[in-house]
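Below is target_39.pdb, which holds PDB, C-alpha atoms.
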MODEL        1
ATOM      1  CA  MET A 575     188.083 149.753  18.762
ATOM      2  CA  PRO A 576     187.057 148.854  15.230
ATOM      3  CA  GLY A 577     184.158 151.153  14.387
ATOM      4  CA  ASN A 578     181.444 148.606  13.619
ATOM      5  CA  VAL A 579     182.167 146.484  16.686
ATOM      6  CA  THR A 580     182.256 149.556  18.913
ATOM      7  CA  ARG A 581     178.958 150.749  17.490
ATOM      8  CA  THR A 582     177.386 147.361  18.148
ATOM      9  CA  ALA A 583     178.627 147.343  21.744
ATOM     10  CA  ALA A 584     177.477 150.913  22.414
ATOM     11  CA  VAL A 585     173.996 150.446  20.940
ATOM     12  CA  ALA A 586     173.416 147.062  22.583
ATOM     13  CA  LEU A 587     174.520 148.319  26.005
ATOM     14  CA  ALA A 588     172.418 151.478  25.746
ATOM     15  CA  LEU A 589     169.301 149.489  24.834
ATOM     16  CA  GLY A 590     170.133 146.909  27.500
ATOM     17  CA  ALA A 591     170.359 149.644  30.128
ATOM     18  CA  LEU A 592     166.944 150.927  29.061
ATOM     19  CA  ALA A 593     165.363 147.464  29.175
ATOM     20  CA  TYR A 594     166.934 146.842  32.597
ATOM     21  CA  THR A 595     164.868 149.723  34.010
ATOM     22  CA  ALA A 596     161.530 148.313  32.807
ATOM     23  CA  TRP A 597     160.623 147.653  36.456
ATOM     24  CA  ALA A 598     160.085 151.430  36.812
ATOM     25  CA  LEU A 599     156.846 150.990  34.850
ATOM     26  CA  GLU A 600     155.347 149.632  38.058
ATOM     27  CA  VAL A 601     154.454 153.251  38.869
ATOM     28  CA  LEU A 602     152.024 153.149  35.935
ATOM     29  CA  LEU A 603     150.765 149.586  36.369
ATOM     30  CA  VAL A 604     148.560 148.183  39.110
ATOM     31  CA  THR A 605     150.859 145.427  40.318
ATOM     32  CA  GLY A 606     149.594 145.157  43.890
ATOM     33  CA  LEU A 607     153.201 145.014  45.134
ATOM     34  CA  ASP A 608     154.884 147.496  47.467
ATOM     35  CA  PRO A 609     157.984 148.941  45.746
ATOM     36  CA  VAL A 610     159.498 149.869  49.100
ATOM     37  CA  ARG A 611     159.254 146.375  50.540
ATOM     38  CA  GLY A 612     159.132 143.884  47.668
ATOM     39  CA  TYR A 613     161.814 142.266  45.541
ATOM     40  CA  VAL A 614     162.113 143.607  42.007
ATOM     41  CA  SER A 615     161.935 139.996  40.805
ATOM     42  CA  GLU A 616     158.493 139.630  42.401
ATOM     43  CA  LEU A 617     157.130 141.743  39.542
ATOM     44  CA  ALA A 618     158.013 138.830  37.247
ATOM     45  CA  ALA A 619     156.644 136.103  39.534
ATOM     46  CA  GLY A 620     154.460 133.459  37.952
ATOM     47  CA  ASP A 621     151.294 134.555  39.768
ATOM     48  CA  GLN A 622     151.640 138.284  39.029
ATOM     49  CA  PRO A 623     149.398 139.982  36.435
ATOM     50  CA  PHE A 624     152.315 141.546  34.518
ATOM     51  CA  GLY A 625     154.794 138.757  35.185
ATOM     52  CA  GLY A 626     155.142 137.831  31.527
ATOM     53  CA  PHE A 627     155.959 141.405  30.537
ATOM     54  CA  PHE A 628     158.646 141.844  33.201
ATOM     55  CA  ARG A 629     160.188 138.462  32.410
ATOM     56  CA  ALA A 630     160.391 139.456  28.748
ATOM     57  CA  ALA A 631     162.003 142.768  29.701
ATOM     58  CA  ASP A 632     164.639 140.993  31.826
ATOM     59  CA  ARG A 633     165.311 138.509  29.030
ATOM     60  CA  THR A 634     165.728 141.334  26.523
ATOM     61  CA  ALA A 635     168.006 143.313  28.829
ATOM     62  CA  GLY A 636     170.206 140.310  29.532
ATOM     63  CA  PHE A 637     170.489 139.385  25.868
ATOM     64  CA  LEU A 638     171.397 142.938  24.823
ATOM     65  CA  VAL A 639     174.043 143.258  27.543
ATOM     66  CA  LEU A 640     175.453 139.870  26.563
ATOM     67  CA  VAL A 641     175.715 140.976  22.923
ATOM     68  CA  GLY A 642     177.325 144.269  23.923
ATOM     69  CA  ALA A 643     179.804 142.579  26.252
ATOM     70  CA  LEU A 644     180.836 140.007  23.652
ATOM     71  CA  ALA A 645     181.291 142.782  21.092
ATOM     72  CA  GLY A 646     183.432 144.681  23.573
ATOM     73  CA  LEU A 647     185.497 141.587  24.313
ATOM     74  CA  LEU A 648     186.009 140.942  20.602
ATOM     75  CA  ALA A 649     187.149 144.513  20.031
ATOM     76  CA  THR A 650     189.563 144.295  22.964
ATOM     77  CA  LEU A 651     191.146 141.142  21.593
ATOM     78  CA  ARG A 652     191.371 142.711  18.138
ATOM     79  CA  ARG A 653     193.114 145.737  19.621
ATOM     80  CA  ARG A 654     195.726 143.515  21.215
ATOM     81  CA  ALA A 655     196.330 141.841  17.865
ATOM     82  CA  ALA A 656     196.632 145.179  16.012
ATOM     83  CA  PRO A 657     199.696 145.427  13.754
ATOM     84  CA  PRO A 658     202.662 147.527  14.838
ATOM     85  CA  PRO A 659     202.881 151.156  13.649
ATOM     86  CA  PRO A 660     204.254 151.849  10.159
ATOM     87  CA  PRO A 661     208.029 152.258   9.735
ATOM     88  CA  GLY A 662     209.227 155.576  11.039
ATOM     89  CA  VAL A 663     206.337 155.979  13.502
ATOM     90  CA  PRO A 664     207.478 155.317  17.093
ATOM     91  CA  SER A 665     205.307 153.078  19.235
ATOM     92  CA  TRP A 666     204.582 155.924  21.638
ATOM     93  CA  ALA A 667     202.943 157.885  18.803
ATOM     94  CA  ARG A 668     200.113 155.419  18.519
ATOM     95  CA  ARG A 669     196.804 156.237  20.132
ATOM     96  CA  PRO A 670     197.349 156.127  23.922
ATOM     97  CA  GLY A 671     196.277 152.881  25.508
ATOM     98  CA  ARG A 672     195.630 151.151  22.177
ATOM     99  CA  ALA A 673     196.613 147.757  23.548
ATOM    100  CA  ALA A 674     197.351 148.667  27.150
ATOM    101  CA  GLY A 675     195.450 146.917  29.909
ATOM    102  CA  THR A 676     194.074 144.192  27.656
ATOM    103  CA  PRO A 677     193.737 141.617  30.495
ATOM    104  CA  TRP A 678     191.759 144.087  32.641
ATOM    105  CA  PHE A 679     189.449 145.101  29.821
ATOM    106  CA  ALA A 680     188.990 141.500  28.683
ATOM    107  CA  ALA A 681     188.192 140.320  32.219
ATOM    108  CA  GLY A 682     185.732 143.185  32.666
ATOM    109  CA  TRP A 683     183.934 142.394  29.415
ATOM    110  CA  ALA A 684     183.823 138.701  30.350
ATOM    111  CA  ALA A 685     182.253 139.557  33.726
ATOM    112  CA  LEU A 686     179.698 141.750  31.973
ATOM    113  CA  ALA A 687     178.873 138.869  29.619
ATOM    114  CA  VAL A 688     178.264 136.636  32.652
ATOM    115  CA  PHE A 689     175.946 139.311  34.059
ATOM    116  CA  GLY A 690     173.969 139.354  30.820
ATOM    117  CA  ALA A 691     173.714 135.559  30.657
ATOM    118  CA  ALA A 692     172.685 135.316  34.334
ATOM    119  CA  THR A 693     169.996 137.952  33.770
ATOM    120  CA  VAL A 694     168.610 135.896  30.883
ATOM    121  CA  ALA A 695     168.641 132.836  33.162
ATOM    122  CA  ASP A 696     166.761 134.861  35.795
ATOM    123  CA  SER A 697     163.935 135.437  33.344
ATOM    124  CA  TRP A 698     163.583 131.686  32.734
ATOM    125  CA  LEU A 699     163.673 130.892  36.472
ATOM    126  CA  PRO A 700     160.951 133.139  37.939
ATOM    127  CA  LEU A 701     159.537 133.008  41.425
ATOM    128  CA  SER A 702     156.181 131.287  41.590
ATOM    129  CA  CYS A 703     154.760 133.848  44.023
ATOM    130  CA  ALA A 704     155.714 137.028  45.903
ATOM    131  CA  PRO A 705     157.009 136.185  49.406
ATOM    132  CA  THR A 706     157.180 139.791  50.675
ATOM    133  CA  ALA A 707     153.539 140.432  49.739
ATOM    134  CA  ASP A 708     152.009 137.003  50.360
ATOM    135  CA  PRO A 709     152.481 135.482  53.850
ATOM    136  CA  ALA A 710     151.395 132.078  52.543
ATOM    137  CA  CYS A 711     154.104 132.247  49.886
ATOM    138  CA  ALA A 712     156.684 133.257  52.495
ATOM    139  CA  ALA A 713     155.615 130.337  54.697
ATOM    140  CA  ARG A 714     155.898 127.867  51.798
ATOM    141  CA  GLU A 715     159.296 129.264  50.921
ATOM    142  CA  ALA A 716     160.492 128.897  54.518
ATOM    143  CA  ALA A 717     159.199 125.323  54.571
ATOM    144  CA  GLY A 718     160.884 124.488  51.266
ATOM    145  CA  SER A 719     157.604 123.657  49.553
ATOM    146  CA  VAL A 720     157.957 126.107  46.674
ATOM    147  CA  PRO A 721     159.195 125.068  43.191
ATOM    148  CA  ALA A 722     162.910 124.552  42.697
ATOM    149  CA  THR A 723     162.963 127.687  40.565
ATOM    150  CA  HIS A 724     163.011 129.749  43.778
ATOM    151  CA  ALA A 725     166.403 128.341  44.759
ATOM    152  CA  ALA A 726     167.660 128.480  41.172
ATOM    153  CA  HIS A 727     166.498 132.087  40.891
ATOM    154  CA  ALA A 728     168.431 132.988  44.038
ATOM    155  CA  VAL A 729     171.580 131.478  42.506
ATOM    156  CA  SER A 730     171.197 133.213  39.138
ATOM    157  CA  SER A 731     170.366 136.534  40.808
ATOM    158  CA  GLY A 732     173.383 136.257  43.080
ATOM    159  CA  LEU A 733     175.582 135.434  40.095
ATOM    160  CA  ALA A 734     174.196 138.395  38.136
ATOM    161  CA  THR A 735     174.862 140.803  40.998
ATOM    162  CA  THR A 736     178.387 139.491  41.571
ATOM    163  CA  ALA A 737     179.215 139.647  37.871
ATOM    164  CA  ALA A 738     177.787 143.169  37.491
ATOM    165  CA  VAL A 739     179.825 144.517  40.410
ATOM    166  CA  THR A 740     182.943 142.736  39.139
ATOM    167  CA  ALA A 741     182.503 144.235  35.668
ATOM    168  CA  MET A 742     181.983 147.688  37.155
ATOM    169  CA  ILE A 743     185.190 147.380  39.183
ATOM    170  CA  LEU A 744     187.355 146.020  36.375
ATOM    171  CA  LEU A 745     186.196 148.236  33.514
ATOM    172  CA  THR A 746     186.080 151.410  35.603
ATOM    173  CA  ALA A 747     189.556 150.759  36.994
ATOM    174  CA  ALA A 748     190.909 149.938  33.524
ATOM    175  CA  ALA A 749     189.405 153.097  32.031
ATOM    176  CA  ARG A 750     190.946 155.265  34.739
ATOM    177  CA  ARG A 751     194.332 153.556  34.662
ATOM    178  CA  HIS A 752     194.764 153.527  30.889
ATOM    179  CA  GLY A 753     193.186 156.832  29.920
ATOM    180  CA  ARG A 754     190.231 155.351  28.047
ATOM    181  CA  TRP A 755     186.521 156.111  28.039
ATOM    182  CA  GLY A 756     186.677 159.533  29.653
ATOM    183  CA  THR A 757     182.985 159.584  30.583
ATOM    184  CA  LEU A 758     183.306 156.313  32.485
ATOM    185  CA  ALA A 759     186.665 157.240  33.982
ATOM    186  CA  ARG A 760     185.170 160.425  35.449
ATOM    187  CA  THR A 761     181.878 159.061  36.818
ATOM    188  CA  GLY A 762     182.345 155.302  37.090
ATOM    189  CA  ALA A 763     184.008 155.351  40.506
ATOM    190  CA  ALA A 764     181.142 157.312  42.071
ATOM    191  CA  LEU A 765     178.559 154.968  40.559
ATOM    192  CA  LEU A 766     180.583 151.985  41.772
ATOM    193  CA  ALA A 767     180.758 153.335  45.331
ATOM    194  CA  LEU A 768     176.995 153.883  45.361
ATOM    195  CA  GLU A 769     176.431 150.420  43.893
ATOM    196  CA  LEU A 770     178.533 148.784  46.619
ATOM    197  CA  ALA A 771     176.579 150.671  49.286
ATOM    198  CA  ALA A 772     173.224 149.696  47.720
ATOM    199  CA  THR A 773     174.349 146.067  47.454
ATOM    200  CA  ALA A 774     175.364 146.009  51.114
ATOM    201  CA  TRP A 775     171.982 147.488  52.063
ATOM    202  CA  THR A 776     170.171 144.918  49.925
ATOM    203  CA  LEU A 777     172.081 141.980  51.420
ATOM    204  CA  ALA A 778     171.434 143.232  54.957
ATOM    205  CA  ALA A 779     167.727 143.721  54.190
ATOM    206  CA  VAL A 780     167.414 140.229  52.675
ATOM    207  CA  THR A 781     169.125 138.722  55.728
ATOM    208  CA  ALA A 782     166.809 140.607  58.075
ATOM    209  CA  PHE A 783     163.692 139.627  56.113
ATOM    210  CA  GLU A 784     164.624 135.947  55.983
ATOM    211  CA  ALA A 785     165.378 135.996  59.728
ATOM    212  CA  GLY A 786     162.017 137.583  60.497
ATOM    213  CA  ALA A 787     163.700 140.757  61.767
ATOM    214  CA  GLY A 788     161.868 143.241  59.573
ATOM    215  CA  ASN A 789     162.055 144.374  55.988
ATOM    216  CA  TRP A 790     164.549 147.263  56.086
ATOM    217  CA  ALA A 791     163.047 148.769  52.919
ATOM    218  CA  LEU A 792     164.290 145.799  50.914
ATOM    219  CA  GLY A 793     162.468 146.857  47.757
ATOM    220  CA  LEU A 794     163.910 150.348  47.805
ATOM    221  CA  ALA A 795     167.429 149.026  48.345
ATOM    222  CA  GLN A 796     167.210 146.540  45.496
ATOM    223  CA  ARG A 797     165.653 149.052  43.118
ATOM    224  CA  LEU A 798     168.481 151.461  43.836
ATOM    225  CA  GLN A 799     170.944 148.622  43.230
ATOM    226  CA  VAL A 800     169.588 147.713  39.785
ATOM    227  CA  LEU A 801     169.085 151.369  38.819
ATOM    228  CA  LEU A 802     172.769 152.082  39.464
ATOM    229  CA  VAL A 803     173.785 149.129  37.286
ATOM    230  CA  ALA A 804     171.586 150.487  34.494
ATOM    231  CA  LEU A 805     173.084 153.972  34.867
ATOM    232  CA  TRP A 806     176.610 152.543  34.738
ATOM    233  CA  LEU A 807     175.738 150.601  31.573
ATOM    234  CA  ALA A 808     174.404 153.804  30.017
ATOM    235  CA  VAL A 809     177.597 155.665  30.939
ATOM    236  CA  LEU A 810     179.704 152.858  29.445
ATOM    237  CA  ALA A 811     177.650 152.980  26.236
ATOM    238  CA  ARG A 812     178.132 156.743  26.006
ATOM    239  CA  ALA A 813     181.864 156.388  26.618
ATOM    240  CA  LEU A 814     182.144 153.858  23.789
ATOM    241  CA  HIS A 815     180.172 156.128  21.479
ATOM    242  CA  ARG A 816     182.349 159.125  22.261
ATOM    243  CA  GLU A 817     185.564 157.153  21.839
ATOM    244  CA  ARG A 818     184.704 155.966  18.344
ATOM    245  CA  ARG A 819     183.979 159.478  17.042
ATOM    246  CA  PRO A 820     186.784 161.078  15.016
TER     247      PRO A 820
ENDMDL
END

Would you mind writing the structure in this file as structure tokens?
Amino acid sequence: MPGNVTRTAAVALALGALAYTAWALEVLLVTGLDPVRGYVSELAAGDQPFGGFFRAADRTAGFLVLVGALAGLLATLRRRAAPPPPPGVPSWARRPGRAAGTPWFAAGWAALAVFGAATVADSWLPLSCAPTADPACAAREAAGSVPATHAAHAVSSGLATTAAVTAMILLTAAARRHGRWGTLARTGAALLALELAATAWTLAAVTAFEAGAGNWALGLAQRLQVLLVALWLAVLARALHRERRP
């Protein structure tokens, strides 16, 4: 990757990963929410004391990931358009994987950009109240008497999760297949497997909660899910940083 673009992607993704773990500050703040049972997004609900802070953190994380993903996509497209090697230098002597796997890398970066944009949208479409902590809120939600942002938030959150998992699959697979980003190639598959398990747990817990069949530690499942995404972003940022070093 061109050095400046790679640096931009690595720094933006590293900072985005950090901002995406801002929810962990709930251990220091008196939020009144149960981290084992409650949605992470309830921290940013309109009626919560620190809602504005957590919405700002989500917005920042989404924007940084979007910038990093677009920088990565730009660098991938530039690599594909790189000139052929000088006369007398065979094509196989170029850096391995210089243009290989462009569609996979490009699709992965595009999915990551969607994740960033959906996370920004999440911050502008907060819940109005916390349904897992407030029975009245849960009853209004079940009756459809909450603001439309609840439904919109569910859509943007679902899109963010789908895009994040898609990006993890595509970029991890591309790194392993084409010998790029050694740090990600070595650890990405394990993080992806854990992410898929945490996502399945979260979906099952949400289904159970909405059906009145218990909570299934919904908050713990979702916090593990978003933590793994943040860790994967940090690993990707490190892999980009290591690749651009001489």

Problem set entry | Polymer residues at most 10 Å from Asn789 of chain A, only C-alpha atoms, same-chain spacing of 6 or more positions, as a PyMOL selection string | chain A and resi 610-612+706+778-783

For this session: Could you tell me which residues the PyMOL selection byres ((chain A and resi 744) around 12) grabs in this file, written as a VMD selection string?
Result: chain A and resid 675 to 686 737 to 743 745 to 752 758 to 759 762 to 763 766

Kindly compute an axis-aligned box around the listed atoms of segment 783-795 of chain A, allowing 4 Å on each side, and express its centre and edge lengths in Å to one decimal as AutoDock Vina command-line options.
--center_x 164.6 --center_y 143.1 --center_z 54.8 --size_x 13.6 --size_y 22.4 --size_z 22.0

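Residue nearest Gly606 of chain A within the list A:Val720, A:Ala591, A:Val803, A:Ala707: A:Ala707 [criterion: smallest interatomic distance, all atoms listed in the file].
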
Problem set entry | Radius query 10 Å about (157.1, 133.9, 45.0), atoms used: all atoms listed in the file, as a PyMOL selection string | chain A and resi 613+615-622+700-708+710-712+714-715+720-721+723-724

Write a file of the just-selected residues containing C-alpha atoms, as a PDB file, in the frame of the given file.
ATOM      1  CA  TYR A 613     161.814 142.266  45.541  1.00  0.00           C
ATOM      2  CA  SER A 615     161.935 139.996  40.805  1.00  0.00           C
ATOM      3  CA  GLU A 616     158.493 139.630  42.401  1.00  0.00           C
ATOM      4  CA  LEU A 617     157.130 141.743  39.542  1.00  0.00           C
ATOM      5  CA  ALA A 618     158.013 138.830  37.247  1.00  0.00           C
ATOM      6  CA  ALA A 619     156.644 136.103  39.534  1.00  0.00           C
ATOM      7  CA  GLY A 620     154.460 133.459  37.952  1.00  0.00           C
ATOM      8  CA  ASP A 621     151.294 134.555  39.768  1.00  0.00           C
ATOM      9  CA  GLN A 622     151.640 138.284  39.029  1.00  0.00           C
ATOM     10  CA  PRO A 700     160.951 133.139  37.939  1.00  0.00           C
ATOM     11  CA  LEU A 701     159.537 133.008  41.425  1.00  0.00           C
ATOM     12  CA  SER A 702     156.181 131.287  41.590  1.00  0.00           C
ATOM     13  CA  CYS A 703     154.760 133.848  44.023  1.00  0.00           C
ATOM     14  CA  ALA A 704     155.714 137.028  45.903  1.00  0.00           C
ATOM     15  CA  PRO A 705     157.009 136.185  49.406  1.00  0.00           C
ATOM     16  CA  THR A 706     157.180 139.791  50.675  1.00  0.00           C
ATOM     17  CA  ALA A 707     153.539 140.432  49.739  1.00  0.00           C
ATOM     18  CA  ASP A 708     152.009 137.003  50.360  1.00  0.00           C
ATOM     19  CA  ALA A 710     151.395 132.078  52.543  1.00  0.00           C
ATOM     20  CA  CYS A 711     154.104 132.247  49.886  1.00  0.00           C
ATOM     21  CA  ALA A 712     156.684 133.257  52.495  1.00  0.00           C
ATOM     22  CA  ARG A 714     155.898 127.867  51.798  1.00  0.00           C
ATOM     23  CA  GLU A 715     159.296 129.264  50.921  1.00  0.00           C
ATOM     24  CA  VAL A 720     157.957 126.107  46.674  1.00  0.00           C
ATOM     25  CA  PRO A 721     159.195 125.068  43.191  1.00  0.00           C
ATOM     26  CA  THR A 723     162.963 127.687  40.565  1.00  0.00           C
ATOM     27  CA  HIS A 724     163.011 129.749  43.778  1.00  0.00           C
TER      28      HIS A 724
END

Problem set entry | Spatial neighbours of Ala808 of chain A, 8 Å, only C-alpha atoms, chain gap at least 2 places, as number ranges by chain | A: 587-588, 591, 804-806, 810-812

Seminar exercise, completed: For Ala771 of chain A, the closest of A:Ala725, A:Ala785, A:Trp790, A:Ala795 counting only C-alpha atoms is A:Ala795

Seminar exercise, completed: Residue with the minimum atom-to-atom distance to Ala767 of chain A, picked from A:Leu603, A:Leu792, A:Leu802, A:Ala787 with all atoms listed in the file counted, is A:Leu802

Exercise. In Å, how far is it from atom CA of Phe689 of chain A to atom CA of Gly793 of chain A?
Worked result: 20.6 Å

Exercise. If you count only C-alpha atoms, which residues fall within 9 Å of Gly590 of chain A, apart from same-chain ones fewer than 5 positions away, as a list in words?
Worked result: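 Neighbouring residues, sequence-local ones excluded: Val585, Thr595, Thr634, Ala635, Gly636, Phe637, Leu638, Val639, Leu640, Gly642, Ala804, Leu807 and Ala808 of chain A.
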